[in-house]
$ cat target_30.csv   # CSV, C-alpha atoms
chain,number,residue,atom,x,y,z
A,128,MET,CA,0.0,0.0,0.0
A,129,GLU,CA,1.1,3.5,-0.8
A,130,LYS,CA,1.0,6.2,1.8
A,131,LYS,CA,-0.4,9.5,0.6
A,132,ASN,CA,0.9,12.7,1.9
A,133,VAL,CA,-2.0,15.0,2.9
A,134,SER,CA,-1.3,18.6,3.7
A,135,GLY,CA,-3.8,20.7,5.6
A,136,GLY,CA,-3.7,23.8,3.5
A,137,MET,CA,-5.6,26.9,4.4
A,138,SER,CA,-9.0,26.8,5.9
A,139,PHE,CA,-11.9,28.7,4.4
A,140,PRO,CA,-12.0,31.4,7.1
A,141,SER,CA,-8.2,32.0,6.5
A,142,VAL,CA,-8.6,32.4,2.8
A,143,LEU,CA,-11.6,34.6,3.3
A,144,ALA,CA,-9.7,36.8,5.7
A,145,LEU,CA,-6.8,37.0,3.3
A,146,VAL,CA,-9.1,38.1,0.5
A,147,PHE,CA,-10.7,40.7,2.7
A,148,ILE,CA,-7.3,42.0,3.8
A,149,VAL,CA,-6.1,42.3,0.2
A,150,LEU,CA,-9.3,44.1,-0.9
A,151,LYS,CA,-9.0,46.5,2.1
A,152,LEU,CA,-5.4,47.3,1.3
A,153,CYS,CA,-6.2,47.9,-2.4
A,154,GLY,CA,-9.0,50.2,-1.4
A,155,VAL,CA,-11.7,48.1,-3.0
A,156,ILE,CA,-13.7,47.9,0.2
A,157,LYS,CA,-14.1,50.6,2.9
A,158,TRP,CA,-14.9,48.3,5.8
A,159,SER,CA,-13.6,48.7,9.3
A,160,TRP,CA,-10.7,46.4,10.2
A,161,VAL,CA,-13.0,44.7,12.7
A,162,TRP,CA,-15.1,43.4,9.8
A,163,VAL,CA,-12.1,42.7,7.6
A,164,LEU,CA,-10.7,40.4,10.3
A,165,SER,CA,-14.1,39.0,11.3
A,166,PRO,CA,-13.5,35.5,9.7
A,167,ILE,CA,-10.6,35.1,12.1
A,168,TRP,CA,-12.3,36.3,15.3
A,169,ILE,CA,-15.7,34.7,14.5
A,170,THR,CA,-13.9,31.3,14.0
A,171,PHE,CA,-12.1,31.8,17.3
A,172,ILE,CA,-15.3,32.6,19.2
A,173,ILE,CA,-17.0,29.5,17.7
A,174,GLY,CA,-14.1,27.4,18.9
A,175,LEU,CA,-14.3,28.8,22.4
A,176,ILE,CA,-18.1,28.1,22.5
A,177,ALA,CA,-17.4,24.5,21.3
A,178,ILE,CA,-14.8,24.0,24.0
A,179,GLY,CA,-17.2,25.4,26.6
A,180,VAL,CA,-20.0,23.1,25.4
A,181,ILE,CA,-17.6,20.1,25.5
A,182,TYR,CA,-16.4,21.1,29.0
A,183,LEU,CA,-20.0,21.3,30.2
A,184,ILE,CA,-20.9,17.9,28.7
A,185,MET,CA,-17.8,16.2,30.2
A,186,ARG,CA,-18.4,17.7,33.6
$ encode --input "target_30.csv" --output "structure tokens"
Amino acid sequence: MEKKNVSGGMSFPSVLALVFIVLKLCGVIKWSWVWVLSPIWITFIIGLIAIGVIYLIMR
């Protein structure tokens, strides 16, 4: 059997954040930096909520 190398690559929120950052720096969008970086912080908040739910279930 052959082993296949699998690389993770970039997640969808990371790609979306990168696209938003490029668009912001090029002046295409006039959004606040809070919204430009929202794919990152929203993913982080969802992760914290998931950890909290798992903690409550395992308790």
$ atom_distance --input "target_30.csv" --atom1 "CA of Ile148 (chain A)" --atom2 "CA of Val163 (chain A)"
6.2 Å
$ closest_residue --input "target_30.csv" --among "A:Ala144, A:Ile178, A:Leu183, A:Ile172" --to "Trp160 (chain A)" --atoms "all atoms listed in the file"
A:Ala144
$ atom_distance --input "target_30.csv" --atom1 "CA of Tyr182 (chain A)" --atom2 "CA of Phe139 (chain A)"
26.1 Å
$ closest_residue --input "target_30.csv" --among "A:Cys153, A:Val133, A:Val180, A:Leu145" --to "Ser165 (chain A)" --atoms "only C-alpha atoms"
A:Leu145
$ closest_residue --input "target_30.csv" --among "A:Ile184, A:Ile173, A:Gly179, A:Ile167" --to "Pro140 (chain A)" --atoms "all atoms listed in the file"
A:Ile167
$ decode --input "target_30.csv" --residues "region 137-168 of chain A" --atoms "N, CA and C atoms" --output "short mmCIF file (atom, residue, chain, number, x, y, z; two decimals), in the first residue's frame"
data_model
loop_
_atom_site.label_atom_id
_atom_site.label_comp_id
_atom_site.auth_asym_id
_atom_site.auth_seq_id
_atom_site.Cartn_x
_atom_site.Cartn_y
_atom_site.Cartn_z
N MET A 137 -4.91 25.86 3.69
CA MET A 137 -5.56 26.95 4.42
C MET A 137 -7.05 26.66 4.55
N SER A 138 -7.59 27.00 5.69
CA SER A 138 -9.03 26.82 5.91
C SER A 138 -9.80 27.93 5.20
N PHE A 139 -11.10 27.70 5.05
CA PHE A 139 -11.94 28.69 4.38
C PHE A 139 -11.91 30.05 5.09
N PRO A 140 -12.03 30.10 6.43
CA PRO A 140 -11.97 31.42 7.08
C PRO A 140 -10.63 32.13 6.86
N SER A 141 -9.53 31.38 6.79
CA SER A 141 -8.22 31.99 6.55
C SER A 141 -8.14 32.58 5.15
N VAL A 142 -8.64 31.85 4.17
CA VAL A 142 -8.65 32.36 2.79
C VAL A 142 -9.54 33.58 2.69
N LEU A 143 -10.71 33.52 3.32
CA LEU A 143 -11.63 34.65 3.29
C LEU A 143 -11.02 35.89 3.94
N ALA A 144 -10.35 35.69 5.08
CA ALA A 144 -9.68 36.82 5.75
C ALA A 144 -8.58 37.39 4.86
N LEU A 145 -7.83 36.53 4.21
CA LEU A 145 -6.77 37.00 3.32
C LEU A 145 -7.34 37.80 2.16
N VAL A 146 -8.43 37.34 1.58
CA VAL A 146 -9.09 38.07 0.49
C VAL A 146 -9.58 39.43 0.98
N PHE A 147 -10.21 39.45 2.16
CA PHE A 147 -10.70 40.72 2.71
C PHE A 147 -9.55 41.70 2.97
N ILE A 148 -8.43 41.18 3.49
CA ILE A 148 -7.27 42.04 3.78
C ILE A 148 -6.72 42.64 2.49
N VAL A 149 -6.59 41.83 1.45
CA VAL A 149 -6.09 42.33 0.16
C VAL A 149 -7.04 43.38 -0.41
N LEU A 150 -8.34 43.10 -0.35
CA LEU A 150 -9.32 44.07 -0.85
C LEU A 150 -9.27 45.38 -0.07
N LYS A 151 -9.10 45.29 1.25
CA LYS A 151 -9.02 46.49 2.09
C LYS A 151 -7.76 47.30 1.76
N LEU A 152 -6.63 46.62 1.62
CA LEU A 152 -5.38 47.32 1.33
C LEU A 152 -5.36 47.92 -0.07
N CYS A 153 -6.10 47.33 -1.00
CA CYS A 153 -6.19 47.88 -2.37
C CYS A 153 -7.25 48.97 -2.48
N GLY A 154 -8.01 49.19 -1.42
CA GLY A 154 -9.02 50.24 -1.43
C GLY A 154 -10.32 49.84 -2.10
N VAL A 155 -10.52 48.57 -2.36
CA VAL A 155 -11.75 48.11 -3.00
C VAL A 155 -12.92 48.16 -2.03
N ILE A 156 -12.67 47.80 -0.79
CA ILE A 156 -13.71 47.86 0.24
C ILE A 156 -13.32 48.88 1.29
N LYS A 157 -14.29 49.53 1.87
CA LYS A 157 -14.06 50.58 2.86
C LYS A 157 -14.50 50.14 4.25
N TRP A 158 -14.45 48.84 4.50
CA TRP A 158 -14.90 48.31 5.78
C TRP A 158 -13.93 48.65 6.89
N SER A 159 -14.44 48.60 8.11
CA SER A 159 -13.60 48.72 9.29
C SER A 159 -12.73 47.46 9.39
N TRP A 160 -11.56 47.60 10.03
CA TRP A 160 -10.67 46.45 10.20
C TRP A 160 -11.32 45.36 11.04
N VAL A 161 -12.26 45.74 11.90
CA VAL A 161 -12.97 44.73 12.70
C VAL A 161 -13.69 43.75 11.79
N TRP A 162 -14.33 44.27 10.74
CA TRP A 162 -15.07 43.40 9.82
C TRP A 162 -14.16 42.70 8.83
N VAL A 163 -13.07 43.35 8.47
CA VAL A 163 -12.11 42.71 7.57
C VAL A 163 -11.52 41.46 8.23
N LEU A 164 -11.25 41.55 9.52
CA LEU A 164 -10.67 40.42 10.25
C LEU A 164 -11.72 39.52 10.89
N SER A 165 -12.98 39.76 10.63
CA SER A 165 -14.05 38.99 11.25
C SER A 165 -14.00 37.48 10.99
N PRO A 166 -13.57 37.00 9.82
CA PRO A 166 -13.49 35.53 9.68
C PRO A 166 -12.57 34.89 10.71
N ILE A 167 -11.54 35.61 11.13
CA ILE A 167 -10.61 35.07 12.13
C ILE A 167 -11.25 35.07 13.51
N TRP A 168 -11.81 36.23 13.94
CA TRP A 168 -12.31 36.28 15.31
C TRP A 168 -13.62 35.52 15.46
#
